[in-house]
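Asks: You'll find start15.txt just under this line, and it carries compact mmCIF, C-alpha atoms.
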```txt
# COMPACT_ATOMS: atom_id res chain seq x y z
CA MET I 1 -39.01 -35.47 32.74
CA SER I 2 -36.78 -35.77 29.78
CA ALA I 3 -34.67 -32.76 28.91
CA ALA I 4 -34.96 -33.74 25.27
CA SER I 5 -38.65 -32.95 25.53
CA ASP I 6 -37.68 -29.43 26.62
CA GLY I 7 -36.12 -28.84 23.22
CA LEU I 8 -32.52 -29.62 24.08
CA ASP I 9 -31.94 -31.43 20.81
CA SER I 10 -32.80 -28.42 18.71
CA ALA I 11 -30.93 -26.18 21.13
CA GLY I 12 -27.85 -28.36 20.84
CA GLY I 13 -27.94 -28.14 17.08
CA SER I 14 -27.75 -24.37 17.09
CA ALA I 15 -25.66 -23.88 20.20
CA LYS I 16 -22.39 -23.56 18.35
CA THR I 17 -23.46 -21.62 15.31
CA GLY I 18 -26.48 -19.33 15.84
CA PRO I 19 -26.54 -15.77 17.13
CA GLU I 20 -28.03 -17.13 20.36
CA ALA I 21 -26.12 -19.41 22.69
CA TRP I 22 -28.23 -21.99 24.54
CA PHE I 23 -27.48 -22.98 28.08
CA PHE I 24 -29.13 -24.99 30.82
CA CYS I 25 -29.63 -22.96 33.97
CA LEU I 26 -29.68 -24.11 37.59
CA ARG I 27 -29.97 -22.17 40.82
CA ILE I 28 -27.14 -23.12 43.13
CA MET I 29 -26.27 -21.45 46.44
CA GLY I 30 -28.44 -18.46 45.61
CA GLY I 31 -26.86 -17.85 42.20
CA ARG I 32 -27.87 -18.61 38.63
CA TYR I 33 -25.41 -20.96 36.96
CA ALA I 34 -25.64 -22.41 33.50
CA PHE I 35 -23.67 -24.70 31.24
CA GLU I 36 -23.78 -25.87 27.64
CA ALA I 37 -27.26 -27.28 27.05
CA PRO I 38 -26.19 -30.37 25.07
CA LEU I 39 -24.42 -31.72 28.16
CA VAL I 40 -27.76 -32.29 29.88
CA VAL I 41 -29.30 -35.71 29.46
CA GLU I 42 -32.38 -35.12 31.59
CA VAL I 43 -33.68 -33.51 34.76
CA VAL I 44 -34.67 -35.78 37.61
CA ARG I 45 -36.06 -35.53 41.09
CA LEU I 46 -33.54 -37.10 43.45
CA GLY I 47 -34.56 -40.40 44.97
CA PRO I 48 -33.30 -41.54 48.36
CA LEU I 49 -29.53 -41.17 48.46
CA THR I 50 -27.22 -44.00 49.36
CA ARG I 51 -24.15 -42.52 51.00
CA LEU I 52 -20.79 -43.97 50.10
CA PRO I 53 -17.99 -44.69 52.55
CA ALA I 54 -14.82 -42.65 52.13
CA ALA I 55 -16.49 -40.28 49.69
CA PRO I 56 -15.41 -36.66 49.27
CA ALA I 57 -17.91 -34.04 50.45
CA PHE I 58 -18.84 -33.11 46.89
CA LEU I 59 -20.19 -36.66 46.35
CA PRO I 60 -23.09 -36.83 48.85
CA GLY I 61 -24.23 -40.18 47.52
CA VAL I 62 -25.77 -42.11 44.68
CA PHE I 63 -29.35 -42.87 43.75
CA THR I 64 -31.12 -45.19 41.38
CA HIS I 65 -32.98 -43.84 38.41
CA ARG I 66 -34.66 -46.19 35.94
CA GLY I 67 -32.43 -49.01 37.13
CA GLU I 68 -29.24 -46.98 36.73
CA VAL I 69 -27.10 -45.94 39.70
CA LEU I 70 -26.13 -42.27 39.35
CA PRO I 71 -23.59 -40.33 41.41
CA VAL I 72 -24.65 -36.94 42.76
CA LEU I 73 -22.29 -33.98 42.39
CA ASP I 74 -22.63 -31.07 44.82
CA ILE I 75 -20.88 -28.15 43.15
CA GLY I 76 -21.30 -26.01 46.27
CA GLN I 77 -19.20 -28.45 48.28
CA LEU I 78 -16.63 -28.74 45.52
CA VAL I 79 -15.95 -25.02 45.49
CA GLY I 80 -16.11 -24.66 49.26
CA GLN I 81 -19.36 -22.69 49.41
CA GLY I 82 -21.31 -25.20 51.50
CA ALA I 83 -23.70 -28.03 50.72
CA VAL I 84 -26.74 -27.69 48.51
CA PRO I 85 -29.63 -28.81 50.76
CA ILE I 86 -31.05 -32.15 49.65
CA ARG I 87 -34.77 -32.66 50.21
CA SER I 88 -37.41 -34.91 48.71
CA SER I 89 -38.23 -32.12 46.26
CA THR I 90 -34.61 -31.55 45.18
CA ARG I 91 -33.98 -31.79 41.48
CA ALA I 92 -30.79 -32.47 39.63
CA ALA I 93 -29.57 -32.19 36.06
CA VAL I 94 -28.09 -35.44 34.81
CA VAL I 95 -25.13 -34.46 32.65
CA ARG I 96 -22.61 -36.32 30.59
CA CYS I 97 -19.10 -34.87 30.58
CA GLY I 98 -16.77 -37.11 28.60
CA PRO I 99 -16.64 -40.47 30.38
CA TRP I 100 -18.52 -39.21 33.44
CA LYS I 101 -22.26 -39.19 33.97
CA VAL I 102 -23.29 -37.31 37.10
CA ALA I 103 -26.38 -35.68 38.57
CA VAL I 104 -25.66 -32.05 39.43
CA VAL I 105 -27.77 -31.21 42.45
CA SER I 106 -29.41 -27.79 42.58
CA ASP I 107 -31.65 -25.52 44.62
CA GLY I 108 -33.88 -25.23 41.57
CA VAL I 109 -33.98 -25.85 37.84
CA GLU I 110 -34.72 -22.97 35.48
CA GLY I 111 -34.14 -24.96 32.30
CA LEU I 112 -33.04 -23.71 28.92
CA VAL I 113 -31.99 -20.12 28.52
CA SER I 114 -30.71 -18.35 25.45
CA ILE I 115 -28.28 -15.48 25.55
CA PRO I 116 -27.12 -13.50 22.51
CA ARG I 117 -23.49 -14.42 21.91
CA ARG I 118 -22.55 -10.77 21.72
CA ALA I 119 -23.87 -10.36 25.29
CA LEU I 120 -21.49 -12.96 26.72
CA GLU I 121 -18.53 -11.48 28.53
CA ALA I 122 -15.33 -12.85 29.94
CA PRO I 123 -15.58 -13.98 33.56
CA PRO I 124 -13.91 -12.06 36.37
CA ALA I 125 -10.23 -12.88 36.70
CA GLU I 126 -10.60 -14.68 40.03
CA SER I 127 -9.37 -18.16 40.72
CA ILE I 128 -11.24 -19.07 43.88
CA GLY I 129 -14.59 -20.70 44.48
CA MET I 130 -17.04 -20.92 41.64
CA ALA I 131 -15.17 -18.20 39.70
CA GLU I 132 -12.40 -20.69 38.98
CA PHE I 133 -14.75 -22.63 36.72
CA LEU I 134 -16.54 -19.84 34.88
CA SER I 135 -16.15 -19.57 31.15
CA ALA I 136 -18.34 -16.48 30.67
CA VAL I 137 -20.97 -14.31 32.25
CA GLY I 138 -24.16 -13.21 30.61
CA ARG I 139 -27.55 -11.73 31.27
CA ASP I 140 -31.10 -12.55 30.27
CA ARG I 141 -34.50 -11.29 31.36
CA GLY I 142 -34.04 -13.09 34.70
CA GLY I 143 -30.81 -11.28 35.47
CA ALA I 144 -27.16 -12.25 35.53
CA ILE I 145 -26.07 -15.79 34.73
CA ALA I 146 -22.64 -17.29 35.33
CA ILE I 147 -21.64 -19.78 32.65
CA LEU I 148 -19.78 -22.79 34.05
CA ASP I 149 -17.20 -24.81 32.18
CA LEU I 150 -18.80 -27.99 33.45
CA PRO I 151 -16.42 -30.54 31.86
CA ARG I 152 -13.48 -28.71 33.48
CA LEU I 153 -15.30 -28.60 36.81
CA VAL I 154 -16.12 -32.31 36.77
CA GLU I 155 -12.57 -33.16 35.79
CA ALA I 156 -11.26 -30.96 38.61
CA ALA I 157 -13.49 -32.83 41.06
CA ARG I 158 -12.03 -36.11 39.92
CA ALA I 159 -8.49 -34.78 40.10
CA ARG I 160 -8.95 -33.29 43.58
CA ALA I 161 -10.19 -36.54 45.09
CA VAL I 162 -7.54 -38.71 46.68
CA PRO I 163 -7.35 -41.88 44.61
CA ALA I 164 -8.10 -45.15 46.37
CA GLY I 165 -4.98 -46.58 47.95
CA SER I 166 -3.14 -43.31 48.38
CA GLY I 167 -5.19 -41.80 51.17
CA PRO I 168 -6.53 -42.79 54.54
CA ALA I 169 -8.92 -45.72 54.41
CA MET L 1 -34.11 -68.51 30.80
CA THR L 2 -33.25 -67.98 34.45
CA GLN L 3 -30.47 -65.58 35.36
CA PRO L 4 -27.39 -66.83 37.22
CA LEU L 5 -27.56 -66.04 40.92
CA ALA L 6 -25.04 -64.17 43.04
CA GLU L 7 -24.66 -65.53 46.57
CA LEU L 8 -24.21 -62.65 48.98
CA LEU L 9 -23.51 -62.39 52.67
CA VAL L 10 -25.45 -59.50 54.16
CA PHE L 11 -24.04 -57.83 57.26
CA GLN L 12 -24.33 -54.68 59.30
CA VAL L 13 -21.69 -52.22 60.50
CA GLY L 14 -23.13 -49.50 62.69
CA ALA L 15 -26.52 -48.60 61.26
CA ARG L 16 -25.65 -49.53 57.70
CA VAL L 17 -26.17 -52.75 55.81
CA PHE L 18 -23.60 -54.08 53.34
CA ALA L 19 -23.24 -57.14 51.16
CA ALA L 20 -20.23 -59.21 50.11
CA ALA L 21 -19.67 -62.23 47.92
CA VAL L 22 -20.11 -65.43 49.95
CA GLN L 23 -17.19 -67.02 48.14
CA ASP L 24 -14.85 -64.48 49.80
CA VAL L 25 -15.88 -65.63 53.28
CA VAL L 26 -14.15 -68.53 55.04
CA ARG L 27 -16.45 -68.61 58.06
CA ILE L 28 -18.43 -66.48 60.49
CA GLY L 29 -17.87 -66.56 64.20
CA SER L 30 -17.56 -64.74 67.45
CA VAL L 31 -14.74 -62.23 67.84
CA ARG L 32 -14.11 -63.10 71.49
CA ASP L 33 -11.58 -65.85 70.95
CA VAL L 34 -9.77 -64.20 68.03
CA PRO L 35 -6.29 -62.80 68.73
CA PRO L 36 -6.41 -58.98 68.57
CA GLU L 37 -3.84 -58.87 65.77
CA GLU L 38 -6.23 -60.82 63.53
CA LEU L 39 -9.16 -58.46 64.14
CA VAL L 40 -9.88 -55.76 61.57
CA GLU L 41 -12.11 -52.85 62.57
CA GLY L 42 -12.41 -49.14 61.98
CA THR L 43 -12.52 -49.69 58.23
CA SER L 44 -13.95 -47.28 55.70
CA LEU L 45 -17.36 -48.91 56.29
CA GLY L 46 -17.51 -47.09 59.61
CA SER L 47 -17.38 -47.94 63.29
CA THR L 48 -19.08 -50.92 64.87
CA LEU L 49 -21.45 -50.51 67.78
CA GLY L 50 -21.60 -53.93 69.38
CA ARG L 51 -18.67 -55.90 67.88
CA GLU L 52 -20.89 -58.97 67.86
CA ARG L 53 -19.59 -61.04 64.97
CA GLY L 54 -16.53 -61.64 62.87
CA ILE L 55 -16.33 -62.41 59.18
CA VAL L 56 -13.21 -64.44 58.51
CA VAL L 57 -11.50 -63.76 55.20
CA SER L 58 -8.47 -65.54 53.84
CA ASP L 59 -5.67 -63.63 52.15
CA HIS L 60 -4.26 -66.27 49.85
CA GLN L 61 -1.35 -64.02 48.83
CA LEU L 62 -0.12 -63.72 52.40
CA GLY L 63 -1.39 -67.09 53.55
CA THR L 64 -3.14 -65.46 56.49
CA GLU L 65 -6.64 -65.04 57.79
CA ALA L 66 -8.22 -61.86 59.10
CA THR L 67 -11.46 -61.31 60.94
CA LEU L 68 -13.54 -58.30 59.98
CA VAL L 69 -15.48 -57.11 63.01
CA VAL L 70 -19.14 -56.37 62.27
CA ASP L 71 -22.23 -55.77 64.36
CA GLN L 72 -24.49 -58.39 62.83
CA VAL L 73 -24.52 -60.98 60.10
CA LEU L 74 -27.99 -60.81 58.64
CA GLY L 75 -27.83 -63.87 56.43
CA VAL L 76 -27.14 -65.07 52.92
CA ARG L 77 -29.17 -63.85 49.97
CA SER L 78 -29.30 -65.20 46.45
CA VAL L 79 -29.98 -62.46 43.95
CA PRO L 80 -30.04 -62.49 40.14
CA GLU L 81 -26.72 -61.22 38.81
CA GLY L 82 -28.66 -58.57 36.92
CA GLU L 83 -29.41 -56.97 40.26
CA VAL L 84 -25.71 -56.38 40.86
CA HIS L 85 -24.50 -53.04 39.48
CA PRO L 86 -20.96 -51.72 39.23
CA LEU L 87 -20.10 -48.49 41.00
CA PRO L 88 -20.71 -45.51 38.67
CA ALA L 89 -17.45 -44.53 36.97
CA PHE L 90 -17.30 -41.08 38.55
CA ALA L 91 -17.92 -42.44 42.03
CA ALA L 92 -15.25 -45.10 41.55
CA ALA L 93 -12.81 -42.40 40.43
CA VAL L 94 -13.24 -40.18 43.48
CA LEU L 95 -13.81 -42.59 46.38
CA ARG L 96 -10.90 -42.95 48.78
CA THR L 97 -11.45 -46.68 48.95
CA ALA L 98 -11.40 -49.38 46.31
CA ALA L 99 -13.34 -51.72 48.58
CA VAL L 100 -16.76 -50.63 47.34
CA ALA L 101 -17.25 -52.90 44.36
CA GLY L 102 -20.75 -51.84 43.44
CA PHE L 103 -24.36 -52.11 44.43
CA VAL L 104 -26.89 -54.82 44.75
CA MET L 105 -30.60 -54.19 44.89
CA LEU L 106 -31.93 -55.84 48.06
CA ASP L 107 -35.62 -55.33 48.73
CA GLU L 108 -35.52 -52.54 46.12
CA ALA L 109 -32.89 -50.63 48.10
CA PRO L 110 -29.36 -50.15 46.74
CA THR L 111 -26.98 -51.90 49.12
CA LEU L 112 -23.23 -51.45 48.88
CA LEU L 113 -21.33 -54.48 47.67
CA VAL L 114 -18.00 -54.72 49.48
CA ASP L 115 -14.80 -56.41 48.36
CA LEU L 116 -13.82 -57.82 51.75
CA LEU L 117 -10.21 -58.64 50.91
CA THR L 118 -9.55 -55.14 49.53
CA LEU L 119 -11.24 -53.61 52.58
CA ILE L 120 -9.01 -55.57 54.95
CA ARG L 121 -5.84 -54.86 52.97
CA GLU L 122 -6.61 -51.14 52.90
CA ARG L 123 -7.21 -51.07 56.66
CA ARG L 124 -3.99 -52.93 57.38
CA ALA L 125 -2.03 -50.66 55.05
CA ALA L 126 -3.46 -47.60 56.78
CA ALA L 127 -2.66 -49.00 60.20
CA ALA L 128 0.90 -49.77 59.14
CA ALA L 129 1.46 -46.31 57.68
```
Could you take the file, read its structure, and then write that structure out as structure tokens?

Replies:
Amino acid sequence: MSAASDGLDSAGGSAKTGPEAWFFCLRIMGGRYAFEAPLVVEVVRLGPLTRLPAAPAFLPGVFTHRGEVLPVLDIGQLVGQGAVPIRSSTRAAVVRCGPWKVAVVSDGVEGLVSIPRRALEAPPAESIGMAEFLSAVGRDRGGAIAILDLPRLVEAARARAVPAGSGPA
Amino acid sequence: MTQPLAELLVFQVGARVFAAAVQDVVRIGSVRDVPPEELVEGTSLGSTLGRERGIVVSDHQLGTEATLVVDQVLGVRSVPEGEVHPLPAFAAAVLRTAAVAGFVMLDEAPTLLVDLLTLIRERRAAAAA
């Protein structure tokens, strides 16, 4: 399924300017988390994972999709809240954050959500777990949504990993 | 037009199958007669089960040979170079080893392509540390 067919292109065009802010919402570790909709390339069902040697826990493996090898990012593991269970039905949002293209694994995909900009609030002033990467919190008809600063989260994942050659082999 | 072929040695460590460029391999043999200091095991590829075979790799910089201990050598495969994929950039940036060079599609399954010399150098550096 292509996310573009879900209306992401039009959402991206108005995301910065309209009265509504558009986000892409996933269910992760029992919570509703969303990030800027234009970051999402598509939503895929995970194929069989190939695990990588010497990989951090937040990188459970890679899989092939249309001939491309994509790394899987487990945000739950990154923030120390446990692994998102990976099953044959598991879906992931393929996102592009700067130079990185990763598949963010989830418990479920809600898709596009719009929240009035005036309804977005500052995140709680905590710096642990998922709260460290929140840029805002909002609410729609489905309830509360935590807005993730996904580029910052992905960059933090890269920075936290021990580079090759400086850690145990 | 036919694609150029990559010649790959396919081998097994534990339950997992890996591939490496044939040109990096000097020879394959038993590990029984190899001096212990030339054996390399416990690499980031995982632990061996049977220690059946050794893949001999030459380190031209040091002028030495090392024998990577594996469980089985499964053979040599020729695959179109188009079937060889680099490691995704994000994965390459976060792995704690530089020895995983990429993937090759073998029987429609992504198989890790290993840089044998880097693998051996990393293991020796870790052992020396």

Asks: Pick the closest to chain L from I:Pro48, I:Gly80, I:Gly143, I:Gly129: which is it, counting all atoms listed in the file?

Replies: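 Residue with the minimum atom-to-atom distance to chain L: I:Pro48.
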
Asks: Up to 10 Å from chain I, what residues of chain L turn up? Count all atoms listed in the file and give them as an MDAnalysis selection string.

Replies: chainID L and resid 16 42:46 83 85:100 102:103 105 108:112 118:127 129

Asks: May I have the residues within 6 Å of Ala101 of chain L as a PyMOL selection string, using all atoms listed in the file and disregarding those fewer than 5 positions away in the same chain?

Replies: chain L and resi 113-115

Asks: What's the separation between atom CA of Pro38 of chain I and atom CA of Ala21 of chain I, in Å to one decimal place?

Replies: 11.2 Å

Asks: Could you state the separation of atom CA of Ala15 of chain L and atom CA of Gly82 of chain L in Å, given to one decimal place?

Replies: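 A separation of 26.4 Å between them.
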
Asks: Choose the residue, out of I:Ala144, I:Leu46, I:Val95, I:Val41, that has the smallest atom-to-atom separation from Asp107 of chain I; count all atoms listed in the file.

Replies: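 Among the listed residues, I:Leu46 lies closest to Asp107 of chain I.
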
Asks: Rounded to one decimal, what separation in Å do you get between atom CA of Phe18 of chain L and atom CA of Val73 of chain L?

Replies: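 Separation between atom CA of Phe18 of chain L and atom CA of Val73 of chain L: 9.7 Å.
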
Asks: What's around segment 120-123 of chain I at 10 Å? Count only C-alpha atoms, leave out sequence neighbours fewer than 4 positions away in its own chain, and write the answer as a list in words.

Replies: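 Returned residues: Ala21, Ile115, Pro116, Ala131, Glu132, Phe133, Leu134, Ser135, Ala136, Val137, Gly138, Arg139, Ile145, Ala146, Ile147 and Leu148 of chain I.
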
Asks: Kindly indicate which residue among L:Leu106, L:Glu52, L:Ser78, L:Leu117 lies nearest to Ala6 of chain L, using only C-alpha atoms for the distances.

Replies: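 Among the listed residues, the smallest separation from Ala6 of chain L belongs to L:Ser78.
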
Asks: Neighbours of Arg45 of chain I within 8 Å (all atoms listed in the file; same-chain residues fewer than 4 positions away dropped), as an MDAnalysis selection string?

Replies: chainID I and resid 88:92

Asks: Residues proximal to (-23.3, -22.4, 28.7) were defined as those with any atom within 6 Å of that point in the file's coordinates, counting all atoms listed in the file. Which are they, as an MDAnalysis selection string?

Replies: chainID I and resid 23 34:36 147

Asks: For those residues, write C-alpha atoms to a file as an mmCIF file, in the coordinates of the input.

Replies:
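The result, stored in out-v9.cif:
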```
data_model
loop_
_atom_site.group_PDB
_atom_site.id
_atom_site.type_symbol
_atom_site.label_atom_id
_atom_site.label_comp_id
_atom_site.auth_asym_id
_atom_site.auth_seq_id
_atom_site.Cartn_x
_atom_site.Cartn_y
_atom_site.Cartn_z
ATOM 1 C CA PHE I 23 -27.480 -22.980 28.080
ATOM 2 C CA ALA I 34 -25.640 -22.410 33.500
ATOM 3 C CA PHE I 35 -23.670 -24.700 31.240
ATOM 4 C CA GLU I 36 -23.780 -25.870 27.640
ATOM 5 C CA ILE I 147 -21.640 -19.780 32.650
#
```

Asks: Please report, as lines of an AutoDock Vina configuration file, the centre and edge lengths in Å to one decimal of an axis-aligned box covering all listed atoms of segment 67-74 of chain I with 8 Å per side.

Replies:
```
center_x = -27.4
center_y = -40.0
center_z = 40.8
size_x = 26.1
size_y = 33.9
size_z = 24.1
```

Asks: When you look at Leu8 of chain L with a cut-off of 8 Å (counting all atoms listed in the file), what residues show up, excluding the ones that are within fewer than 6 positions of it in the same chain? I need them as a short mmCIF file (atom, residue, chain, number, x, y, z; two decimals) with C-alpha atoms, keeping the file's coordinate frame.

Replies:
```cif
data_model
loop_
_atom_site.label_atom_id
_atom_site.label_comp_id
_atom_site.auth_asym_id
_atom_site.auth_seq_id
_atom_site.Cartn_x
_atom_site.Cartn_y
_atom_site.Cartn_z
CA ALA L 19 -23.24 -57.14 51.16
CA ALA L 20 -20.23 -59.21 50.11
CA ALA L 21 -19.67 -62.23 47.92
CA VAL L 22 -20.11 -65.43 49.95
CA VAL L 76 -27.14 -65.07 52.92
CA ARG L 77 -29.17 -63.85 49.97
CA SER L 78 -29.30 -65.20 46.45
CA VAL L 79 -29.98 -62.46 43.95
#
```

Asks: Quick one: segment 54-71 of chain L from the block, N, CA and C atoms, as a tab-separated table (two decimals), in the first residue's frame.

Replies:
```tsv
chain	number	residue	atom	x	y	z
L	54	GLY	N	37.99	-24.44	8.05
L	54	GLY	CA	38.67	-23.16	8.19
L	54	GLY	C	38.77	-22.46	6.85
L	55	ILE	N	38.47	-21.18	6.85
L	55	ILE	CA	38.64	-20.37	5.64
L	55	ILE	C	39.89	-19.53	5.84
L	56	VAL	N	40.88	-19.77	5.00
L	56	VAL	CA	42.16	-19.10	5.16
L	56	VAL	C	42.15	-17.79	4.37
L	57	VAL	N	42.49	-16.73	5.08
L	57	VAL	CA	42.48	-15.39	4.50
L	57	VAL	C	43.87	-14.79	4.69
L	58	SER	N	44.36	-14.12	3.67
L	58	SER	CA	45.67	-13.50	3.76
L	58	SER	C	45.53	-12.02	4.06
L	59	ASP	N	46.31	-11.56	5.05
L	59	ASP	CA	46.36	-10.14	5.35
L	59	ASP	C	47.64	-9.60	4.71
L	60	HIS	N	47.48	-9.01	3.55
L	60	HIS	CA	48.66	-8.58	2.79
L	60	HIS	C	49.41	-7.47	3.52
L	61	GLN	N	48.69	-6.66	4.29
L	61	GLN	CA	49.35	-5.58	5.04
L	61	GLN	C	50.34	-6.14	6.05
L	62	LEU	N	49.91	-7.19	6.75
L	62	LEU	CA	50.76	-7.77	7.80
L	62	LEU	C	51.61	-8.91	7.28
L	63	GLY	N	51.30	-9.37	6.07
L	63	GLY	CA	52.03	-10.51	5.52
L	63	GLY	C	51.76	-11.79	6.28
L	64	THR	N	50.56	-11.91	6.82
L	64	THR	CA	50.21	-13.10	7.60
L	64	THR	C	48.95	-13.73	7.05
L	65	GLU	N	48.72	-14.97	7.47
L	65	GLU	CA	47.47	-15.65	7.14
L	65	GLU	C	46.71	-15.92	8.42
L	66	ALA	N	45.40	-15.94	8.31
L	66	ALA	CA	44.55	-16.29	9.44
L	66	ALA	C	43.49	-17.25	8.95
L	67	THR	N	43.04	-18.10	9.85
L	67	THR	CA	42.03	-19.10	9.49
L	67	THR	C	40.75	-18.83	10.27
L	68	LEU	N	39.73	-18.44	9.55
L	68	LEU	CA	38.42	-18.21	10.18
L	68	LEU	C	37.73	-19.56	10.37
L	69	VAL	N	37.38	-19.86	11.60
L	69	VAL	CA	36.74	-21.14	11.90
L	69	VAL	C	35.25	-21.04	11.60
L	70	VAL	N	34.76	-21.97	10.79
L	70	VAL	CA	33.33	-21.99	10.45
L	70	VAL	C	32.82	-23.42	10.64
L	71	ASP	N	31.52	-23.58	10.57
L	71	ASP	CA	30.95	-24.91	10.74
L	71	ASP	C	30.92	-25.69	9.43
```
